[in-house]
Amino acid sequence: MDWHLLFAQLLNGLQLGLLLFLLAAGLSLIFGIMDFINLSHGSFYMLGAFVCATVAAVSGSFFLAVLAAAAATFAAGALVERCIARKLYARGHLEQVLVTYGLILIFDELAHLVWGPAGAAIALPAALEGRVDIGGVGVPRYRLLIIMCGLLVAAGMYFLVTRSRLGMLIRAGASNRAMAAALGVNIDRLYLLVFAIGAALAGLAGALIAPLTEASIGMGGEIIIIAFVVVIVGGIGSVKGAFCAALLIGFIDTLGRAYLDDLLKLFLPGAAAETAAPALSAMSVYVLMACVLALKPRGLFAPAGAGVKT
Amino acid sequence: MSAAKKTPAAAVVSAALFVTTLFTGTFATRAAADDAPVKIGFVTTLTTPAGVIGADMKNAVELALEHLGGKMAGREVRVFFEDDAFKPEIGRQKTGKLIKRERVDFVAGYIWSHVLLASAKTVFDADKFLISANAGPSQLAGKGCHQNFFSTSWQNDQTPMALGEVLNRRGVKSLYVMLPNYAAGKNMLAGVERTFRGRVVGRDMTKWGRDRQLDFSAELAKAAASGADGLFIFYPGSAGGAFLKQYQQAGLKDRLPLYSVFTVDSLSLPRLQAAGIEGVLGSNSTMFWAPDLDNAANKKFVADFKARHGNYPSFYAAQSYDSVMLIDSALRATGGDLRDRDAVRAALRRADFASVRGDFRFGNNHFPVQNFYLREVVEDADGNWTTRITDLVYRGHQDPYAADCAR
């Protein structure tokens with residue numbers, strides 16, 4: 001066993017998990033509190049990446065670009081909530097899926113018009129290039145930055161949800177919307193804030209991943225499915241659930257890609273193991289979801305009282 | 001019943017009428033054959049991030065038509081561009097539409113092997129000609145070869161075979177391989193393993209398609225830990241840019257030299273340069289063509305393409321340009337007459353045109369028999385990153401599946 005490699009892979013898993021958390025936290029709250037299926041959540045992720053690329057190119061400051069991406073997606077989220085999502089809360093899930101799928105197409109096409117089909121690359125500042133030596137493992141500085149950002153946001157979200165007044169309202173909304181509204185919570189404003197914060201988190205994730213994968217059209221669609229898996233596994237409406245499930249899925253996906261072929265080779269011929277491993281590791285996340293759904297149908301950390309239909 | 005009965009006179013009149021319509025009909029079709037435009041369908045990817053490739057191919061097709069004065073053997077040319085959206089089922093549907101609705105004479109294009117494989121039968125069943133301007137799956141080169149299929153690119157295995165040969169010459173003993181898990185990825189792997197005499201110490205096939213994997217952290221960590229002498233990759237389109245950035249950020253340039261096929265091209269290099277990915281400078285790849293290949297047709301193509309679009313043409317563009325020139329050569333040979341399919345096929349097979357790659361001829365399976373070169377990424381006189389030919393790897397190389405092609 002190569003412990004250095006294992007450590008490197010665990011860090012990779014942590015980084016992937018934290019990125020997924022940024023996406024899934026907002027998705028889970030929107031799903032949990034508004035009972036709104038937002039397929040276009042990935043579009044905010046894409047928007048964040050493109051805004052980050054543009055601002056970084058114009059201003060030359062990557063830090064400013066990330067802030068701009070979060071601000072722009074916060075505004076876009078608020079706009080979408082006001083103009084479109086608000087009208088759909090009372091409708092069925094099917095209608096929500098249809099409209100938000102349409103939104104994906106619109107956002108993709110807008111990105112195509114504004115930024116062209118090529119996507120956009122981001123040059124990292126020299127300070128973020130290179131590696132940091134941690135216990136004999138050279139970890140790319142930038143990946144470390146993603147990990148730190150993710151942990152910071154997670155801590156911030158924890159504080160927001162468990163300690164702040166807004167968090168109390170969010171928890172109340174996630175547990176029982178109708179009751180929260182009946183008790184005089186300003187539901188309109190709460191929904192707007194939750195939607196915009198969720199969009200900003202997705203935008204932040206997009207801005208952070210863009211220097212690794214570039215900003216590209218359709219990048220939201222590539223990740224939204226896995227983000228929904230995180231939401232389902234973690235329990236709809238639970239930020240803690242989203243955090244744990246995102247890390248779990250990040251580790252399973254990364255370690256699956258890293259070790260599954262070696263593992264399969266123990267009892268399969270080499271060629272068969274190499275063919276089966278990528279397919280199995282791509283599947284592993286869904287296998288996990290199926291197992292969780294079988295044992296805990298409402299997810300690992302479903303908020304108390306959630307799912308009570310009124 | 002009585003209405004159906006005809007008098008002899010009526011029979012003669014109707015027979016005469018029939019013969020007249022037959023004649024006028026023939027004249028009409030002959031006139032149509034001479035005056036009607038030659039119709040070419042071109043299937044490529046115009047949406048999704050891979051739309052960049054499709055746009056480059058479209059530019060090259062339009063440049064080729066401009067060089068031909070918009071005519072082939074005196075006939076007008078109409079090209080119908082269709083978008084396969086990077087999906088085999090859409091590619092097949094669009095191919096069917098081109099044949100049934102637009103009634104094209106040739107279907108060309110196809111970036112992706114899996115899209116081409118899904119679409120080929122539709123073209124063959126209609127007895128039209130299929131000209132691949134990129135994809136070269138082994139299935140169409142060996143037992144499944146078809147008399148109406150032609151390629152102006154290469155068979156997938158050939159370019160990585162040339163790369164394997166380069167690795168042998170450079171004394172690389174062990175290799176780590178990373179490629180996407182689809183038809184062409186498997187061919188690229190088979191190709192490099194066919195010629196590389198050292199040991200392949202690790203292989204990663206990553207997820208591909210609309211939800212492809214773009215974060216290669218786990219694979220790069222494995223590759224770095226494998227202790228291999230070299231890293232072989234195949235990541236076409238925008239995935240290549242993502243890979244190269246992460247390769248640079250992982251600091252592997254000096255520890256694990258990069259050898260690539262179809263990843264570092266004129267589409268990715270300007271973006272890599274903009275993002276400051278210096279790690280790609282000096283990296284090696286093999287290819288049948290490069291912008292600096294020294295022949296008259298290529299000089300004209302590259303100069304005019306750069307004048308029009310500001311950037312170097314990609315190899316996708318070079319192949320697309322050749323596909324139009326190949327069709328033109330067939331029309332010139334038959335005097336613009338497409339009705340005798342055997343004559344058109346024979347003319348296509350002769351490949352009597354000035355290719356941007358210099359000399360090439362078709363093998364028995366209608367894939368080119370051509371040279372392969374080693375290319376290095378360099379900065380040109382204007383400060384732009386491009387590729388430069390440094391060595392000839394194969395002269396007149398034929399793909400390994402051709403022997404299985406018996407028609």
# chains A, B, ... in the order shown; residues from 1 in each chain; ligands from 1
$ closest_atom_pairs --of "chain B" --to "chain A" --cutoff "6 Å" --atoms "only C-alpha atoms" --output "JSON lines"
{"residue": "B:Pro49", "atom": "CA", "partner": "A:Pro117", "partner_atom": "CA", "distance": 5.6}
{"residue": "B:Gly51", "atom": "CA", "partner": "A:Pro117", "partner_atom": "CA", "distance": 5.9}
{"residue": "B:Val52", "atom": "CA", "partner": "A:Ala118", "partner_atom": "CA", "distance": 5.4}
{"residue": "B:Asp211", "atom": "CA", "partner": "A:Glu222", "partner_atom": "CA", "distance": 4.3}
{"residue": "B:Leu214", "atom": "CA", "partner": "A:Thr213", "partner_atom": "CA", "distance": 5.9}
{"residue": "B:Ala218", "atom": "CA", "partner": "A:Ala258", "partner_atom": "CA", "distance": 5.7}
{"residue": "B:Ala242", "atom": "CA", "partner": "A:Thr213", "partner_atom": "CA", "distance": 4.3}
{"residue": "B:Gln249", "atom": "CA", "partner": "A:Pro140", "partner_atom": "CA", "distance": 5.9}
{"residue": "B:Ala250", "atom": "CA", "partner": "A:Pro140", "partner_atom": "CA", "distance": 5.6}
{"residue": "B:Ala275", "atom": "CA", "partner": "A:Ala123", "partner_atom": "CA", "distance": 4.0}
{"residue": "B:Gly276", "atom": "CA", "partner": "A:Ala123", "partner_atom": "CA", "distance": 6.0}
$ select_by_dssp --residues "region 113-289 of chain A" --states "strand (DSSP E)" --output "short mmCIF file (atom, residue, chain, number, x, y, z; two decimals) with N, CA and C atoms, in the first residue's frame"
data_model
loop_
_atom_site.label_atom_id
_atom_site.label_comp_id
_atom_site.auth_asym_id
_atom_site.auth_seq_id
_atom_site.Cartn_x
_atom_site.Cartn_y
_atom_site.Cartn_z
N ARG A 131 3.04 23.79 -5.99
CA ARG A 131 2.59 22.81 -5.03
C ARG A 131 3.07 23.10 -3.62
N VAL A 132 2.35 22.56 -2.68
CA VAL A 132 2.75 22.66 -1.29
C VAL A 132 3.08 21.24 -0.83
N ASP A 133 4.17 21.11 -0.09
CA ASP A 133 4.55 19.77 0.36
C ASP A 133 3.86 19.48 1.70
N ILE A 134 3.00 18.46 1.69
CA ILE A 134 2.34 18.06 2.94
C ILE A 134 2.69 16.60 3.18
N VAL A 137 3.84 14.66 0.22
CA VAL A 137 2.98 14.66 -0.96
C VAL A 137 2.90 16.08 -1.50
N GLY A 138 3.20 16.24 -2.80
CA GLY A 138 3.11 17.56 -3.41
C GLY A 138 1.67 17.84 -3.81
N VAL A 139 0.99 18.67 -3.03
CA VAL A 139 -0.42 18.97 -3.34
C VAL A 139 -0.47 20.29 -4.11
N PRO A 140 -1.12 20.31 -5.29
CA PRO A 140 -1.24 21.57 -6.01
C PRO A 140 -1.88 22.63 -5.12
#
$ atom_distance --atom1 "CA of Glu66 (chain B)" --atom2 "CA of Leu331 (chain B)"
16.5 Å
$ residues_around --residues "Arg341 (chain B)" --least-positions-apart "4" --cutoff "12 Å" --atoms "only C-alpha atoms" --output "VMD selection string"
chain B and resid 105 to 106 126 to 129 147 to 148 330 to 331 334 337 345 to 348
$ write_last_selection --atoms "C-alpha atoms" --output "tab-separated table (two decimals), in the first residue's frame"
chain	number	residue	atom	x	y	z
B	105	ASP	CA	-25.10	13.04	-53.07
B	106	PHE	CA	-22.32	12.90	-50.47
B	126	ALA	CA	-29.14	4.74	-49.59
B	127	ASP	CA	-26.09	3.99	-51.81
B	128	LYS	CA	-24.60	7.43	-51.12
B	129	PHE	CA	-20.93	8.18	-50.52
B	147	GLN	CA	-17.04	0.38	-50.89
B	148	ASN	CA	-18.83	3.73	-50.46
B	330	ALA	CA	-14.45	12.86	-58.41
B	331	LEU	CA	-16.76	15.32	-60.15
B	334	THR	CA	-16.76	12.17	-64.28
B	337	ASP	CA	-22.05	13.23	-63.70
B	345	ARG	CA	-16.39	5.47	-56.78
B	346	ALA	CA	-13.45	4.73	-59.08
B	347	ALA	CA	-12.75	8.46	-59.36
B	348	LEU	CA	-12.87	8.92	-55.58
$ residues_around --residues "region 296-300 of chain A" --least-positions-apart "4" --cutoff "9 Å" --atoms "only C-alpha atoms" --output "list in words"
Val231, Ile232, Val233, Gly234, Gly235, Ile236, Gly241, Cys244, Ala245, Met289, Cys291, Val292, Ala306 and Gly307 of chain A
$ write_last_selection --atoms "N, CA and C atoms" --output "compact mmCIF listing (two decimals), in the first residue's frame"
# COMPACT_ATOMS: atom_id res chain seq x y z
N VAL A 231 -28.10 15.53 -2.74
CA VAL A 231 -29.27 16.03 -2.02
C VAL A 231 -30.12 14.87 -1.50
N ILE A 232 -30.33 13.88 -2.36
CA ILE A 232 -31.19 12.75 -1.99
C ILE A 232 -30.53 11.93 -0.89
N VAL A 233 -29.22 11.67 -1.05
CA VAL A 233 -28.52 10.86 -0.06
C VAL A 233 -28.47 11.60 1.28
N GLY A 234 -28.22 12.90 1.24
CA GLY A 234 -28.07 13.66 2.47
C GLY A 234 -29.39 13.94 3.17
N GLY A 235 -30.47 13.91 2.45
CA GLY A 235 -31.77 14.27 3.03
C GLY A 235 -32.15 15.66 2.55
N ILE A 236 -33.31 15.74 1.93
CA ILE A 236 -33.72 16.99 1.30
C ILE A 236 -33.91 18.08 2.35
N GLY A 241 -26.73 17.27 6.02
CA GLY A 241 -26.84 16.09 5.16
C GLY A 241 -26.10 16.30 3.85
N CYS A 244 -22.30 15.98 4.53
CA CYS A 244 -21.82 14.60 4.73
C CYS A 244 -21.93 13.80 3.43
N ALA A 245 -23.07 13.93 2.75
CA ALA A 245 -23.27 13.16 1.52
C ALA A 245 -22.28 13.59 0.45
N MET A 289 -26.60 5.60 -3.60
CA MET A 289 -27.90 6.24 -3.46
C MET A 289 -28.99 5.19 -3.28
N CYS A 291 -28.70 2.20 -2.04
CA CYS A 291 -28.57 1.60 -0.71
C CYS A 291 -29.17 2.53 0.35
N VAL A 292 -28.82 3.82 0.27
CA VAL A 292 -29.32 4.78 1.26
C VAL A 292 -30.84 4.85 1.19
N ALA A 306 -39.78 16.96 7.99
CA ALA A 306 -39.79 17.20 6.56
C ALA A 306 -40.60 16.13 5.87
N GLY A 307 -41.17 16.49 4.78
CA GLY A 307 -41.97 15.53 4.03
C GLY A 307 -43.40 15.50 4.51
$ select_by_dssp --residues "region 17-231 of chain A" --states "helix (DSSP H, G or I)" --output "number ranges by chain"
A: 17-34, 41-59, 62-83, 85-88, 93-115, 126-128, 141-163, 165-175, 177-182, 187-213, 219-231
$ residues_around --residues "Glu193 (chain B)" --least-positions-apart "4" --cutoff "10 Å" --atoms "only C-alpha atoms" --output "PyMOL selection string"
chain B and resi 157+160-161+163-164+175+177+187-189+197-200
$ write_last_selection --atoms "C-alpha atoms" --output "PDB file, in the first residue's frame"
ATOM      1  CA  ASP B 157      -4.882   3.427 -34.516  1.00  0.00           C
ATOM      2  CA  PRO B 160      -0.890   6.477 -31.648  1.00  0.00           C
ATOM      3  CA  MET B 161       1.084   3.754 -33.478  1.00  0.00           C
ATOM      4  CA  LEU B 163       3.637   7.806 -31.217  1.00  0.00           C
ATOM      5  CA  GLY B 164       4.547   4.351 -29.871  1.00  0.00           C
ATOM      6  CA  LEU B 175       4.297   4.342 -19.963  1.00  0.00           C
ATOM      7  CA  VAL B 177      -1.936   5.870 -20.362  1.00  0.00           C
ATOM      8  CA  ASN B 187      -8.515   2.453 -30.728  1.00  0.00           C
ATOM      9  CA  MET B 188      -5.895   4.942 -29.478  1.00  0.00           C
ATOM     10  CA  LEU B 189      -4.961   2.567 -26.674  1.00  0.00           C
ATOM     11  CA  ARG B 197       7.801  -2.114 -26.921  1.00  0.00           C
ATOM     12  CA  GLY B 198       8.124  -0.998 -23.293  1.00  0.00           C
ATOM     13  CA  ARG B 199       5.715  -1.711 -20.475  1.00  0.00           C
ATOM     14  CA  VAL B 200       2.368   0.005 -19.958  1.00  0.00           C
TER      15      VAL B 200
END
$ residues_around --residues "Tyr235 (chain B)" --least-positions-apart "6" --cutoff "10 Å" --atoms "only C-alpha atoms" --output "MDAnalysis selection string"
chainID B and resid 178:180 185 208 241:244 260:264
$ write_last_selection --atoms "N, CA and C atoms" --output "PDB file, in the first residue's frame"
ATOM      1  N   MET B 178      -3.725   7.540 -20.256  1.00  0.00           N
ATOM      2  CA  MET B 178      -5.030   8.053 -19.842  1.00  0.00           C
ATOM      3  C   MET B 178      -5.823   8.452 -21.069  1.00  0.00           C
ATOM      4  N   LEU B 179      -7.013   7.893 -21.225  1.00  0.00           N
ATOM      5  CA  LEU B 179      -7.847   8.290 -22.353  1.00  0.00           C
ATOM      6  C   LEU B 179      -9.323   8.132 -22.037  1.00  0.00           C
ATOM      7  N   PRO B 180     -10.169   8.776 -22.840  1.00  0.00           N
ATOM      8  CA  PRO B 180     -11.600   8.676 -22.581  1.00  0.00           C
ATOM      9  C   PRO B 180     -12.160   7.320 -23.026  1.00  0.00           C
ATOM     10  N   GLY B 185     -11.150   6.171 -28.066  1.00  0.00           N
ATOM     11  CA  GLY B 185     -10.208   5.995 -26.962  1.00  0.00           C
ATOM     12  C   GLY B 185      -9.638   4.587 -26.967  1.00  0.00           C
ATOM     13  N   TRP B 208     -16.795   9.630 -20.631  1.00  0.00           N
ATOM     14  CA  TRP B 208     -16.852  10.503 -21.801  1.00  0.00           C
ATOM     15  C   TRP B 208     -18.285  10.696 -22.224  1.00  0.00           C
ATOM     16  N   GLY B 241      -7.723  20.891 -22.919  1.00  0.00           N
ATOM     17  CA  GLY B 241      -7.306  22.081 -22.177  1.00  0.00           C
ATOM     18  C   GLY B 241      -7.367  21.839 -20.683  1.00  0.00           C
ATOM     19  N   ALA B 242      -8.477  21.224 -20.239  1.00  0.00           N
ATOM     20  CA  ALA B 242      -8.643  20.937 -18.812  1.00  0.00           C
ATOM     21  C   ALA B 242      -7.529  20.009 -18.340  1.00  0.00           C
ATOM     22  N   PHE B 243      -7.248  18.979 -19.131  1.00  0.00           N
ATOM     23  CA  PHE B 243      -6.215  18.031 -18.737  1.00  0.00           C
ATOM     24  C   PHE B 243      -4.861  18.711 -18.612  1.00  0.00           C
ATOM     25  N   LEU B 244      -4.500  19.499 -19.628  1.00  0.00           N
ATOM     26  CA  LEU B 244      -3.165  20.084 -19.654  1.00  0.00           C
ATOM     27  C   LEU B 244      -2.943  21.054 -18.490  1.00  0.00           C
ATOM     28  N   SER B 260       1.176  13.144 -26.560  1.00  0.00           N
ATOM     29  CA  SER B 260      -0.266  13.175 -26.778  1.00  0.00           C
ATOM     30  C   SER B 260      -0.610  12.955 -28.238  1.00  0.00           C
ATOM     31  N   VAL B 261      -1.849  12.550 -28.476  1.00  0.00           N
ATOM     32  CA  VAL B 261      -2.389  12.538 -29.832  1.00  0.00           C
ATOM     33  C   VAL B 261      -3.729  13.258 -29.816  1.00  0.00           C
ATOM     34  N   PHE B 262      -3.977  14.083 -30.822  1.00  0.00           N
ATOM     35  CA  PHE B 262      -5.249  14.785 -31.016  1.00  0.00           C
ATOM     36  C   PHE B 262      -5.673  15.610 -29.802  1.00  0.00           C
ATOM     37  N   THR B 263      -4.737  16.108 -29.028  1.00  0.00           N
ATOM     38  CA  THR B 263      -5.078  16.876 -27.829  1.00  0.00           C
ATOM     39  C   THR B 263      -4.556  18.304 -27.943  1.00  0.00           C
ATOM     40  N   VAL B 264      -3.301  18.414 -28.368  1.00  0.00           N
ATOM     41  CA  VAL B 264      -2.679  19.727 -28.516  1.00  0.00           C
ATOM     42  C   VAL B 264      -2.840  20.129 -29.975  1.00  0.00           C
TER      43      VAL B 264
END
$ closest_residue --among "B:Met205, B:Val172, B:Ile233, B:Ala162" --to "Phe288 (chain B)" --atoms "only C-alpha atoms"
B:Ala162
$ residues_around --residues "Ser43 (chain A)" --least-positions-apart "3" --cutoff "12 Å" --atoms "only C-alpha atoms" --output "NGL selection string"
:A and (23 or 27 or 38-40 or 46-50 or 73 or 76-77 or 80 or 100-111 or 198-203 or 205-206 or 215-224)
$ closest_residue --among "B:Asp204, B:Leu269, B:Gly142, B:Gly240" --to "Ala406 (chain B)" --atoms "only C-alpha atoms"
B:Gly142
$ atom_distance --atom1 "CA of Cys52 (chain A)" --atom2 "CA of Leu79 (chain A)"
19.3 Å
$ closest_residue --among "B:Gly336, B:Gly91, B:Gly396, B:Pro313" --to "Pro37 (chain B)" --atoms "only C-alpha atoms"
B:Gly336
$ closest_residue --among "A:Lys87, A:Ala273, A:Phe243, A:Phe301" --to "Leu151 (chain A)" --atoms "only C-alpha atoms"
A:Phe243
$ closest_residue --among "B:Ser238, B:Thr95, B:Asn134, B:Ser266" --to "Ala120 (chain B)" --atoms "only C-alpha atoms"
B:Thr95
